[in-house]
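Participant: My structure is stored as coords_12.tsv, with TSV, C-alpha atoms and all ligand atoms.
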```tsv
chain	number	residue	atom	x	y	z
A	6	MET	CA	104.07	193.99	25.32
A	7	THR	CA	101.48	196.55	24.20
A	8	ALA	CA	98.54	197.15	26.45
A	9	ASN	CA	95.36	199.09	25.65
A	10	LEU	CA	94.11	201.44	28.32
A	11	ILE	CA	90.41	201.19	29.09
A	12	TYR	CA	88.35	203.57	31.23
A	13	VAL	CA	85.25	202.54	33.17
A	14	LEU	CA	82.86	204.50	35.38
A	15	GLY	CA	81.51	202.41	38.28
A	16	LEU	CA	78.47	203.13	40.48
A	17	GLU	CA	77.65	201.61	43.87
A	18	THR	CA	74.34	202.12	45.71
A	19	SER	CA	73.45	198.71	47.19
A	20	CYS	CA	73.60	199.61	50.89
A	21	ASP	CA	74.44	202.82	52.74
A	22	GLU	CA	77.33	204.18	50.70
A	23	THR	CA	76.66	206.24	47.58
A	24	ALA	CA	79.73	205.98	45.38
A	25	ALA	CA	81.09	206.71	41.89
A	26	ALA	CA	84.60	205.90	40.66
A	27	ILE	CA	86.68	205.84	37.48
A	28	VAL	CA	89.42	203.31	36.82
A	29	GLU	CA	92.06	203.13	34.09
A	30	VAL	CA	93.07	199.53	33.42
A	31	PRO	CA	95.77	198.36	30.97
A	32	ILE	CA	94.48	195.39	28.98
A	33	ASP	CA	96.56	192.88	27.04
A	34	GLY	CA	94.26	190.83	24.83
A	35	THR	CA	91.37	189.95	27.11
A	36	LYS	CA	93.14	190.32	30.46
A	37	PRO	CA	94.12	193.20	32.74
A	38	VAL	CA	97.80	193.84	33.28
A	39	GLY	CA	98.50	194.75	36.92
A	40	THR	CA	96.46	197.06	39.06
A	41	GLY	CA	95.85	199.99	36.72
A	42	ARG	CA	95.01	203.35	38.27
A	43	LEU	CA	92.13	204.68	40.33
A	44	LEU	CA	91.54	208.10	38.76
A	45	GLY	CA	88.43	209.20	40.64
A	46	ASN	CA	86.94	207.75	43.81
A	47	GLN	CA	83.96	209.48	45.41
A	48	ILE	CA	82.15	207.95	48.39
A	49	LEU	CA	79.41	209.47	50.50
A	50	SER	CA	78.66	207.53	53.66
A	51	GLN	CA	75.09	207.73	54.96
A	52	ILE	CA	76.12	206.74	58.49
A	53	ASP	CA	74.71	209.93	60.03
A	54	THR	CA	71.34	209.32	58.36
A	55	HIS	CA	71.00	205.78	59.75
A	56	ALA	CA	72.87	206.02	63.08
A	57	PRO	CA	69.80	207.16	65.10
A	58	TYR	CA	68.02	203.94	64.05
A	59	GLY	CA	70.96	201.60	64.86
A	60	GLY	CA	70.95	200.16	61.32
A	61	VAL	CA	70.26	200.97	57.68
A	62	VAL	CA	66.70	202.12	56.89
A	63	PRO	CA	66.16	200.99	53.26
A	64	GLU	CA	63.73	203.76	52.28
A	65	LEU	CA	66.00	206.51	53.64
A	66	ALA	CA	69.00	204.91	51.92
A	67	ALA	CA	67.29	204.86	48.51
A	68	ARG	CA	66.27	208.52	48.82
A	69	ALA	CA	69.77	209.58	49.86
A	70	HIS	CA	71.31	207.70	46.88
A	71	LEU	CA	68.87	209.54	44.59
A	72	SER	CA	69.77	212.93	46.09
A	73	HIS	CA	73.55	212.53	45.87
A	74	LEU	CA	74.54	210.15	43.07
A	75	ASP	CA	74.52	212.69	40.20
A	76	ARG	CA	76.77	215.08	42.13
A	77	LEU	CA	79.20	212.29	43.05
A	78	ILE	CA	79.45	211.15	39.41
A	79	ALA	CA	80.25	214.74	38.36
A	80	ALA	CA	82.87	214.96	41.15
A	81	ALA	CA	84.47	211.67	40.02
A	82	PHE	CA	84.77	212.99	36.44
A	83	ASP	CA	86.27	216.26	37.79
A	84	GLU	CA	88.76	214.35	39.95
A	85	ALA	CA	89.81	212.18	36.99
A	86	ASP	CA	89.78	215.14	34.58
A	87	LEU	CA	87.76	213.01	32.17
A	88	THR	CA	84.24	213.10	30.71
A	89	LEU	CA	81.51	210.55	30.03
A	90	GLY	CA	82.65	210.50	26.41
A	91	ASP	CA	86.09	209.20	27.49
A	92	MET	CA	84.59	206.08	29.11
A	93	ASP	CA	84.74	202.68	27.41
A	94	ALA	CA	81.85	201.38	29.53
A	95	ILE	CA	79.58	202.18	32.48
A	96	ALA	CA	79.26	199.60	35.27
A	97	ALA	CA	76.80	199.62	38.18
A	98	THR	CA	75.94	197.25	41.01
A	99	ALA	CA	72.84	195.26	39.97
A	100	GLY	CA	72.58	193.35	43.29
A	101	PRO	CA	72.55	191.85	45.83
A	102	GLY	CA	71.43	194.59	48.19
A	103	LEU	CA	68.58	196.82	49.28
A	104	ILE	CA	66.42	196.86	46.19
A	105	GLY	CA	65.46	200.57	46.24
A	106	GLY	CA	69.09	201.61	46.41
A	107	VAL	CA	70.25	199.12	43.78
A	108	LEU	CA	67.57	200.49	41.42
A	109	VAL	CA	68.93	204.04	41.77
A	110	GLY	CA	72.48	203.13	40.70
A	111	LEU	CA	71.40	200.59	38.08
A	112	THR	CA	68.95	202.96	36.39
A	113	THR	CA	71.43	205.85	36.48
A	114	GLY	CA	74.13	203.65	34.94
A	115	LYS	CA	71.84	202.43	32.19
A	116	ALA	CA	70.69	205.97	31.41
A	117	LEU	CA	74.28	207.25	31.13
A	118	ALA	CA	75.27	204.31	28.93
A	119	LEU	CA	72.27	204.84	26.67
A	120	ALA	CA	72.86	208.59	26.38
A	121	ALA	CA	76.58	208.16	25.61
A	122	GLN	CA	76.10	205.05	23.42
A	123	LYS	CA	78.50	203.02	25.61
A	124	PRO	CA	78.27	199.42	26.82
A	125	PHE	CA	76.51	198.95	30.16
A	126	ILE	CA	77.67	196.25	32.59
A	127	GLY	CA	75.61	195.13	35.61
A	128	ILE	CA	77.92	193.93	38.38
A	129	ASN	CA	77.34	191.55	41.28
A	130	HIS	CA	78.39	193.57	44.34
A	131	LEU	CA	80.09	190.46	45.77
A	132	GLU	CA	82.20	190.13	42.62
A	133	GLY	CA	83.30	193.71	43.24
A	134	HIS	CA	84.51	192.72	46.72
A	135	ALA	CA	86.05	189.52	45.31
A	136	LEU	CA	88.18	191.50	42.84
A	137	SER	CA	88.86	194.51	45.12
A	138	ALA	CA	92.37	193.37	46.06
A	139	ARG	CA	93.32	193.60	42.36
A	140	LEU	CA	92.90	197.41	42.53
A	141	THR	CA	96.08	197.73	44.59
A	142	GLU	CA	97.94	194.40	44.40
A	143	ALA	CA	99.07	192.31	41.44
A	144	VAL	CA	97.27	189.21	42.70
A	145	ASP	CA	96.53	186.75	39.89
A	146	PHE	CA	93.94	183.95	39.81
A	147	PRO	CA	93.57	181.50	41.46
A	148	TYR	CA	93.17	182.58	45.07
A	149	LEU	CA	91.15	181.71	48.14
A	150	LEU	CA	88.75	184.49	49.13
A	151	LEU	CA	87.35	185.19	52.59
A	152	LEU	CA	84.50	187.65	52.08
A	153	VAL	CA	83.43	189.23	55.35
A	154	SER	CA	80.92	192.08	55.27
A	155	GLY	CA	77.70	193.30	56.86
A	156	GLY	CA	75.65	190.92	54.75
A	157	HIS	CA	78.06	188.05	53.98
A	158	CYS	CA	80.57	185.64	55.43
A	159	GLN	CA	81.85	183.20	52.82
A	160	LEU	CA	84.95	181.30	51.74
A	161	LEU	CA	85.23	181.00	47.95
A	162	SER	CA	87.80	179.58	45.63
A	163	VAL	CA	88.33	182.13	42.85
A	164	THR	CA	89.82	180.43	39.80
A	165	GLY	CA	89.10	183.11	37.20
A	166	LEU	CA	86.83	186.03	36.36
A	167	GLY	CA	83.28	184.77	36.94
A	168	ASN	CA	84.52	181.47	38.42
A	169	TYR	CA	83.70	181.35	42.12
A	170	THR	CA	83.15	178.13	44.08
A	171	LEU	CA	81.67	178.23	47.56
A	172	MET	CA	83.77	176.39	50.17
A	173	GLY	CA	82.05	177.56	53.35
A	174	GLN	CA	79.58	180.17	54.58
A	175	THR	CA	77.73	181.39	57.63
A	176	ARG	CA	74.69	179.41	58.66
A	177	ASP	CA	73.08	182.43	60.32
A	178	ASP	CA	74.45	185.96	60.88
A	179	ALA	CA	77.12	187.59	58.72
A	180	VAL	CA	80.22	188.54	60.68
A	181	GLY	CA	79.72	192.31	60.21
A	182	GLU	CA	76.11	191.85	61.34
A	183	ALA	CA	77.41	190.11	64.49
A	184	TYR	CA	79.69	193.08	65.16
A	185	ASP	CA	76.81	195.53	64.62
A	186	LYS	CA	74.45	193.59	66.93
A	187	ALA	CA	77.16	193.19	69.59
A	188	ALA	CA	77.80	196.95	69.49
A	189	LYS	CA	74.08	197.67	69.80
A	190	LEU	CA	73.68	195.52	72.89
A	191	MET	CA	76.61	197.31	74.55
A	192	SER	CA	75.06	200.67	73.52
A	193	LEU	CA	78.00	201.52	71.22
A	194	GLY	CA	77.48	203.40	67.96
A	195	TYR	CA	76.60	202.23	64.46
A	196	PRO	CA	78.33	200.71	62.51
A	197	GLY	CA	79.60	198.47	65.28
A	198	GLY	CA	82.77	197.06	63.74
A	199	PRO	CA	85.08	200.08	64.01
A	200	GLU	CA	83.73	200.95	67.50
A	201	ILE	CA	84.24	197.42	68.91
A	202	GLU	CA	87.72	197.29	67.35
A	203	LYS	CA	88.61	200.58	69.09
A	204	ARG	CA	87.23	199.50	72.50
A	205	ALA	CA	88.86	196.06	72.25
A	206	ARG	CA	92.35	197.60	72.12
A	207	ASP	CA	92.05	198.44	75.84
A	208	GLY	CA	90.56	195.07	76.82
A	209	LYS	CA	91.73	191.57	77.70
A	210	ARG	CA	91.08	188.94	75.03
A	211	ASP	CA	90.45	186.22	77.64
A	212	ALA	CA	88.45	188.30	80.16
A	213	TYR	CA	85.16	186.53	79.39
A	214	LYS	CA	84.60	183.00	78.18
A	215	LEU	CA	82.57	183.04	74.94
A	216	PRO	CA	81.72	180.13	72.59
A	217	ARG	CA	83.44	179.40	69.26
A	218	PRO	CA	80.54	177.85	67.31
A	219	LEU	CA	81.18	175.04	64.79
A	220	LEU	CA	84.92	174.79	65.39
A	221	SER	CA	84.86	171.35	66.94
A	222	GLY	CA	81.89	169.91	65.01
A	223	ALA	CA	82.86	167.04	62.75
A	224	HIS	CA	80.33	168.09	60.08
A	225	SER	CA	80.87	171.82	60.01
A	226	GLY	CA	83.42	171.80	57.16
A	227	CYS	CA	84.41	175.41	56.60
A	228	ASP	CA	81.07	176.90	57.72
A	229	PHE	CA	80.57	179.64	60.31
A	230	SER	CA	77.87	180.46	62.85
A	231	PHE	CA	77.73	183.67	64.86
A	232	SER	CA	74.21	183.86	66.32
A	233	GLY	CA	75.09	181.71	69.38
A	234	LEU	CA	78.10	183.91	70.07
A	235	LYS	CA	75.90	187.00	69.96
A	236	THR	CA	73.42	185.43	72.44
A	237	ALA	CA	76.27	184.40	74.76
A	238	LEU	CA	77.63	187.94	74.63
A	239	ARG	CA	74.21	189.34	75.56
A	240	GLN	CA	73.93	187.00	78.57
A	241	THR	CA	77.50	187.76	79.66
A	242	ALA	CA	76.89	191.51	79.33
A	243	GLU	CA	73.66	191.24	81.37
A	244	GLN	CA	75.50	189.38	84.14
A	245	ALA	CA	78.30	191.96	84.11
A	246	ALA	CA	75.90	194.97	84.22
A	247	PRO	CA	76.24	197.83	84.91
A	248	LEU	CA	78.87	198.16	82.18
A	249	ASP	CA	81.71	200.63	82.65
A	250	ASP	CA	84.45	201.39	80.09
A	251	LYS	CA	86.69	198.59	81.35
A	252	LYS	CA	83.95	195.95	81.10
A	253	VAL	CA	83.00	197.16	77.62
A	254	ALA	CA	86.66	196.93	76.58
A	255	ASP	CA	86.97	193.39	78.00
A	256	LEU	CA	83.68	192.28	76.42
A	257	SER	CA	84.73	193.77	73.06
A	258	ALA	CA	88.16	192.12	73.23
A	259	SER	CA	86.70	188.73	74.21
A	260	PHE	CA	84.08	188.93	71.46
A	261	GLU	CA	86.72	189.84	68.88
A	262	ALA	CA	88.96	186.99	70.05
A	263	ALA	CA	86.10	184.51	69.50
A	264	ILE	CA	85.46	185.91	66.00
A	265	GLY	CA	89.21	185.76	65.29
A	266	ASP	CA	89.35	182.09	66.33
A	267	CYS	CA	86.35	181.22	64.13
A	268	LEU	CA	87.72	183.05	61.07
A	269	ALA	CA	91.28	181.77	61.50
A	270	THR	CA	90.25	178.13	62.09
A	271	GLN	CA	87.75	177.82	59.24
A	272	THR	CA	89.98	179.75	56.84
A	273	THR	CA	92.83	177.40	57.75
A	274	ARG	CA	90.62	174.42	56.86
A	275	ALA	CA	89.70	176.07	53.55
A	276	MET	CA	93.37	176.91	52.78
A	277	GLN	CA	94.28	173.24	53.32
A	278	ALA	CA	91.53	172.07	50.95
A	279	PHE	CA	92.28	174.82	48.39
A	280	SER	CA	95.99	173.98	48.47
A	281	GLN	CA	95.25	170.45	47.34
A	282	SER	CA	93.66	171.78	44.13
A	283	LEU	CA	96.86	173.67	43.21
A	284	SER	CA	100.03	172.43	41.58
A	285	PRO	CA	102.96	172.22	44.02
A	286	ASN	CA	104.67	175.33	42.60
A	287	ALA	CA	101.57	177.55	42.30
A	288	PRO	CA	101.56	180.53	44.67
A	289	ARG	CA	99.29	180.07	47.70
A	290	GLN	CA	97.22	183.24	47.99
A	291	LEU	CA	94.54	184.29	50.49
A	292	VAL	CA	92.52	187.44	49.80
A	293	VAL	CA	90.30	188.95	52.50
A	294	ALA	CA	87.68	191.47	51.37
A	295	GLY	CA	84.53	193.21	52.60
A	296	GLY	CA	84.01	195.78	55.37
A	297	VAL	CA	85.17	193.52	58.22
A	298	ALA	CA	88.55	193.12	56.49
A	299	ALA	CA	89.24	196.69	57.64
A	300	ASN	CA	89.79	195.23	61.15
A	301	GLN	CA	93.51	195.16	62.04
A	302	TYR	CA	93.22	192.50	64.78
A	303	LEU	CA	91.43	190.11	62.40
A	304	ARG	CA	93.96	190.88	59.65
A	305	ASP	CA	96.78	189.94	62.04
A	306	ARG	CA	95.04	186.69	63.03
A	307	LEU	CA	94.47	185.75	59.37
A	308	ASN	CA	98.00	186.73	58.43
A	309	ALA	CA	99.38	184.40	61.12
A	310	ALA	CA	97.15	181.55	59.88
A	311	ALA	CA	98.16	182.18	56.25
A	312	THR	CA	101.88	182.33	57.03
A	313	GLN	CA	101.71	178.98	58.83
A	314	LEU	CA	100.46	177.30	55.65
A	315	GLY	CA	102.80	179.13	53.26
A	316	PHE	CA	100.02	181.43	51.98
A	317	THR	CA	100.49	185.12	51.20
A	318	LEU	CA	97.73	187.35	52.55
A	319	PHE	CA	96.32	190.20	50.45
A	320	VAL	CA	93.94	192.72	52.00
A	321	PRO	CA	92.83	195.93	50.26
A	322	PRO	CA	93.40	199.24	52.09
A	323	ALA	CA	90.54	199.90	54.57
A	324	ALA	CA	88.77	202.38	52.26
A	325	LEU	CA	88.54	199.71	49.53
A	326	CYS	CA	87.38	197.01	52.00
A	327	THR	CA	84.15	198.79	52.86
A	328	ASP	CA	81.66	199.49	50.07
A	329	ASN	CA	83.04	201.61	47.24
A	330	ALA	CA	82.58	202.09	43.50
A	331	ALA	CA	86.23	201.50	42.54
A	332	MET	CA	85.71	197.75	42.92
A	333	ILE	CA	82.57	197.94	40.73
A	334	ALA	CA	84.46	199.87	38.03
A	335	ARG	CA	87.32	197.32	38.24
A	336	ALA	CA	84.92	194.38	37.85
A	337	GLY	CA	83.34	196.20	34.91
A	338	ALA	CA	86.74	196.73	33.25
A	339	GLU	CA	87.68	193.06	33.68
A	340	ARG	CA	84.33	191.93	32.26
A	341	LEU	CA	84.54	194.35	29.32
A	342	ALA	CA	88.04	193.09	28.43
A	343	ALA	CA	86.98	189.45	28.69
A	344	GLY	CA	83.76	190.00	26.70
A	345	LEU	CA	81.77	188.71	29.68
A	346	ILE	CA	78.78	191.03	29.28
A	347	GLU	CA	75.05	190.28	29.18
A	348	ASP	CA	73.46	190.12	25.71
A	349	ALA	CA	70.83	192.70	26.65
A	350	PRO	CA	72.37	194.62	29.56
A	351	LEU	CA	69.75	197.37	29.51
A	352	ALA	CA	67.11	194.75	30.34
A	353	LEU	CA	69.02	193.60	33.42
A	354	ALA	CA	66.83	193.64	36.55
A	355	ALA	CA	67.90	194.75	40.03
A	356	ARG	CA	68.30	191.76	42.35
A	357	ALA	CA	67.92	191.74	46.14
A	358	ARG	CA	69.56	188.29	46.28
A	359	TRP	CA	72.30	187.11	43.93
A	360	PRO	CA	74.71	184.38	45.08
A	361	LEU	CA	78.21	184.67	43.69
A	362	SER	CA	79.15	181.02	43.47
A	363	ASN	CA	78.30	178.93	40.43
A	401	LIG	O1	81.35	195.67	52.94
A	401	LIG	P1	80.57	196.62	53.78
A	401	LIG	O2	80.96	198.09	53.75
A	401	LIG	O3	79.05	196.59	53.44
A	401	LIG	C1	78.39	195.41	53.09
A	401	LIG	O4	78.39	195.05	51.87
A	401	LIG	O5	77.86	194.78	54.04
A	401	LIG	O6	80.63	196.08	55.29
A	401	LIG	C2	80.02	196.77	56.36
A	401	LIG	C3	80.25	195.94	57.62
A	401	LIG	C4	79.51	196.48	58.84
A	401	LIG	O7	78.82	195.41	59.47
A	401	LIG	C5	80.63	197.02	59.73
A	401	LIG	O8	80.33	196.93	61.13
A	401	LIG	C6	81.77	196.13	59.35
A	401	LIG	O9	81.64	195.93	57.95
A	401	LIG	N1	83.07	196.75	59.65
A	401	LIG	C7	83.95	196.27	60.55
A	401	LIG	C8	85.03	197.20	60.60
A	401	LIG	N2	84.76	198.21	59.72
A	401	LIG	C9	83.55	197.92	59.14
A	401	LIG	N3	83.91	195.16	61.31
A	401	LIG	C10	84.95	194.94	62.14
A	401	LIG	N4	86.00	195.78	62.27
A	401	LIG	C11	86.08	196.92	61.53
A	401	LIG	N5	87.12	197.75	61.67
A	402	ZN	ZN	79.74	195.21	50.50
```
So, in terms of structure tokens, how does the structure I just supplied come out?

Facilitator:
Amino acid sequence: MTANLIYVLGLETSCDETAAAIVEVPIDGTKPVGTGRLLGNQILSQIDTHAPYGGVVPELAARAHLSHLDRLIAAAFDEADLTLGDMDAIAATAGPGLIGGVLVGLTTGKALALAAQKPFIGINHLEGHALSARLTEAVDFPYLLLLVSGGHCQLLSVTGLGNYTLMGQTRDDAVGEAYDKAAKLMSLGYPGGPEIEKRARDGKRDAYKLPRPLLSGAHSGCDFSFSGLKTALRQTAEQAAPLDDKKVADLSASFEAAIGDCLATQTTRAMQAFSQSLSPNAPRQLVVAGGVAANQYLRDRLNAAATQLGFTLFVPPAALCTDNAAMIARAGAERLAAGLIEDAPLALAARARWPLSN
């Protein structure tokens, strides 16, 4: 088998990470062969900029992207020991996200592509997350995807590049958002996910009784709801005040147990439905992606659920779960190889909203 190597620069600026990465992907015909290599991977987190406000401030994020993106692109080329001229294409997140930030990466990507006379590819940030496991694991289509981030909580069946079918989603808050709000009400830092995970390790999972929304409802399908859980946590925390370290640990552990039950139960329902669409011998694969997938407790819960149904769980390493440009470069490489590129990519507009499923 002879495979062509292609090189793609990816840019990510849709939220509070400024990132540039370069991937090398072997292509056979129109398809990637295996994981390829991540040659440069630069990420600058803006956490310190936004932490005093307890959340991302869009205007500050856009300005920080503008200040740092050029330097990060140069650092990614240095790390890879390659130049713009070596690239086969430039890919950048075109949405969904905070529009000011998306514009910075999108415009920079277009300008580089125009200057170097290379194809430009606008990527849906969610497609980046959806394909992120393919950076490190040889996971082929089809697979069931649980996408859990600060802005999204969705179950999708992924049957090919560009083929995503929604099976369930949150009806209110995203799961990362629930973590961030829960952390805020217990006066923990931002972002809340890693902090709650750390505190929960010293707590009891059944210390406080919290609701598991939608799990028993006959009409909930594979949907999620986290806003009631957040309200219940607030009331429980108010009753338990003043909070000491032990109470915070117990509240964090109980909150995380409720989230774990919701994710494991609804993902189990989706795995059962997804399984029925597969031939008996096809591998059963569950991929979890997005920032919340960095959580080890939730990974363990999902792994147990997957194993019970004969599914193999794939989760990217933590640094590729949270926002990064490697997944944008990977999506760009897969689209370039498949010829799935816009007719007039330089006219592509930045999009604040852009659902993945078709
Ligand atoms: O994918 P991501 O970096 O950005 C979005 O596209 O939203 O996800 C960020 C979200 C935040 O809400 C953060 O609190 C959450 O992922 N997160 C975690 C963990 N690490 C990050 N949630 C739970 N446990 C973690 N270890
Ligand atoms: Zn993301």

Participant: Could you list, as a ChimeraX atom specification, all residues that come within 7 Å of ligand LIG 401 (chain A)? Count only C-alpha atoms and all ligand atoms.

Facilitator: /A:20,154-157,181-182,184-185,196-199,202,295-301,326-328

Participant: Which one is closest to Ala121 in chain A: A:Leu314, A:Ile95, A:Leu303, A:Ala138? Count only C-alpha atoms.

Facilitator: A:Ile95

Participant: Within 8 Å of Arg42 in chain A, counting only C-alpha atoms, which residues qualify if same-chain residues fewer than 2 places away don't, as a PyMOL selection string?

Facilitator: chain A and resi 28-30+40+44+140

Participant: Would you kindly return, as a ChimeraX atom specification, each protein, DNA or RNA residue with an atom no farther than 8 Å from any atom of Glu17 in chain A, considering only C-alpha atoms and excluding same-chain residues fewer than 3 positions away?

Facilitator: /A:22-25,97-98,107,110,328-330,333

Participant: What lies within 12 Å of Ala309 in chain A using all atoms listed in the file, ignoring chain neighbours under 2 positions off, as an MDAnalysis selection string?

Facilitator: chainID A and resid 265:266 268:270 272:273 291 302:307 311:318

Participant: A:Ala237, A:Leu74, A:Ala334, A:Ala242: which is nearest Ile27 in chain A, counting only C-alpha atoms?

Facilitator: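 Of A:Ala237, A:Leu74, A:Ala334, A:Ala242, the one nearest Ile27 in chain A is A:Ala334, counting only C-alpha atoms.
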
Participant: Quick one: residues within 9 Å of (79.8, 205.2, 59.6) (file frame), counting only C-alpha atoms, please, as a PyMOL selection string.

Facilitator: chain A and resi 50-53+55-56+194-197+199

Participant: From the options A:Arg239, A:Arg340, A:Arg274, A:His134, which residue's atoms come nearest to Gly173 in chain A, counting all atoms listed in the file?

Facilitator: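 Ranking A:Arg239, A:Arg340, A:Arg274, A:His134 by distance to Gly173 in chain A, first place goes to A:Arg274.
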
Participant: Hey, what's within 7 Å of Leu219 in chain A if we count all atoms listed in the file and toss same-chain stuff fewer than 6 positions away? As a PDB file with C-alpha atoms, keeping the file's coordinate frame, please?

Facilitator:
```
ATOM      1  CA  SER A 225      80.870 171.820  60.010  1.00  0.00           C
ATOM      2  CA  PHE A 229      80.570 179.640  60.310  1.00  0.00           C
ATOM      3  CA  SER A 230      77.870 180.460  62.850  1.00  0.00           C
TER       4      SER A 230
END
```

Participant: Give as an mmCIF file with C-alpha atoms, in the coordinates of the input every residue, naming chains and numbers as the document does, that has an atom within 10 Å of (69.3, 202.5, 40.6), counting all atoms listed in the file.

Facilitator:
```cif
data_model
loop_
_atom_site.group_PDB
_atom_site.id
_atom_site.type_symbol
_atom_site.label_atom_id
_atom_site.label_comp_id
_atom_site.auth_asym_id
_atom_site.auth_seq_id
_atom_site.Cartn_x
_atom_site.Cartn_y
_atom_site.Cartn_z
ATOM 1 C CA LEU A 16 78.470 203.130 40.480
ATOM 2 C CA GLU A 17 77.650 201.610 43.870
ATOM 3 C CA THR A 18 74.340 202.120 45.710
ATOM 4 C CA SER A 19 73.450 198.710 47.190
ATOM 5 C CA ALA A 67 67.290 204.860 48.510
ATOM 6 C CA HIS A 70 71.310 207.700 46.880
ATOM 7 C CA LEU A 71 68.870 209.540 44.590
ATOM 8 C CA LEU A 74 74.540 210.150 43.070
ATOM 9 C CA ALA A 97 76.800 199.620 38.180
ATOM 10 C CA THR A 98 75.940 197.250 41.010
ATOM 11 C CA ALA A 99 72.840 195.260 39.970
ATOM 12 C CA ILE A 104 66.420 196.860 46.190
ATOM 13 C CA GLY A 105 65.460 200.570 46.240
ATOM 14 C CA GLY A 106 69.090 201.610 46.410
ATOM 15 C CA VAL A 107 70.250 199.120 43.780
ATOM 16 C CA LEU A 108 67.570 200.490 41.420
ATOM 17 C CA VAL A 109 68.930 204.040 41.770
ATOM 18 C CA GLY A 110 72.480 203.130 40.700
ATOM 19 C CA LEU A 111 71.400 200.590 38.080
ATOM 20 C CA THR A 112 68.950 202.960 36.390
ATOM 21 C CA THR A 113 71.430 205.850 36.480
ATOM 22 C CA GLY A 114 74.130 203.650 34.940
ATOM 23 C CA LYS A 115 71.840 202.430 32.190
ATOM 24 C CA ALA A 116 70.690 205.970 31.410
ATOM 25 C CA ALA A 355 67.900 194.750 40.030
#
```

Participant: For a quick check of understanding, using all atoms listed in the file, which of A:Leu43, A:Ala96, A:Leu77, A:Ala135 has the smallest distance to ligand ZN 402 (chain A)?

Facilitator: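 Of all the options, A:Ala135 lies closest to ligand ZN 402 (chain A).
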
Participant: So how many Å separate CA of Glu84 in chain A and CA of Ala143 in chain A, to one decimal?

Facilitator: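 Straight-line distance from CA of Glu84 in chain A to CA of Ala143 in chain A works out to 24.4 Å.
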
Participant: Could you check which of A:Ala352, A:Gln159, A:Ile128, A:Leu49 is closest to Asp228 in chain A, using all atoms listed in the file?

Facilitator: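 Distance minimum relative to Asp228 in chain A lands on A:Gln159.
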
Participant: Between A:Leu152, A:Ala254, A:Glu132, A:Ala246, which one has atoms that come closest to Asn168 in chain A, using all atoms listed in the file?

Facilitator: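 Answer, going by the shortest atom-to-atom distance: A:Glu132.
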
Participant: In Å, with one decimal, what is the gap from CA of Asn129 in chain A to CA of Leu325 in chain A?

Facilitator: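 So the answer is 16.1 Å.
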
Participant: Grab the CA of Val62 in chain A to CA of His130 in chain A distance for me, in Å with one decimal place.

Facilitator: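 CA of His130 in chain A lies at a distance of 19.2 Å from CA of Val62 in chain A.
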
Participant: So that I can check the surroundings of Lys252 in chain A, please list as a ChimeraX atom specification every protein, DNA and RNA residue that reaches within 12 Å of it, counting all atoms listed in the file and ignoring chain neighbours fewer than 2 positions away.

Facilitator: /A:191,204-205,207-210,212-213,241-250,254-260
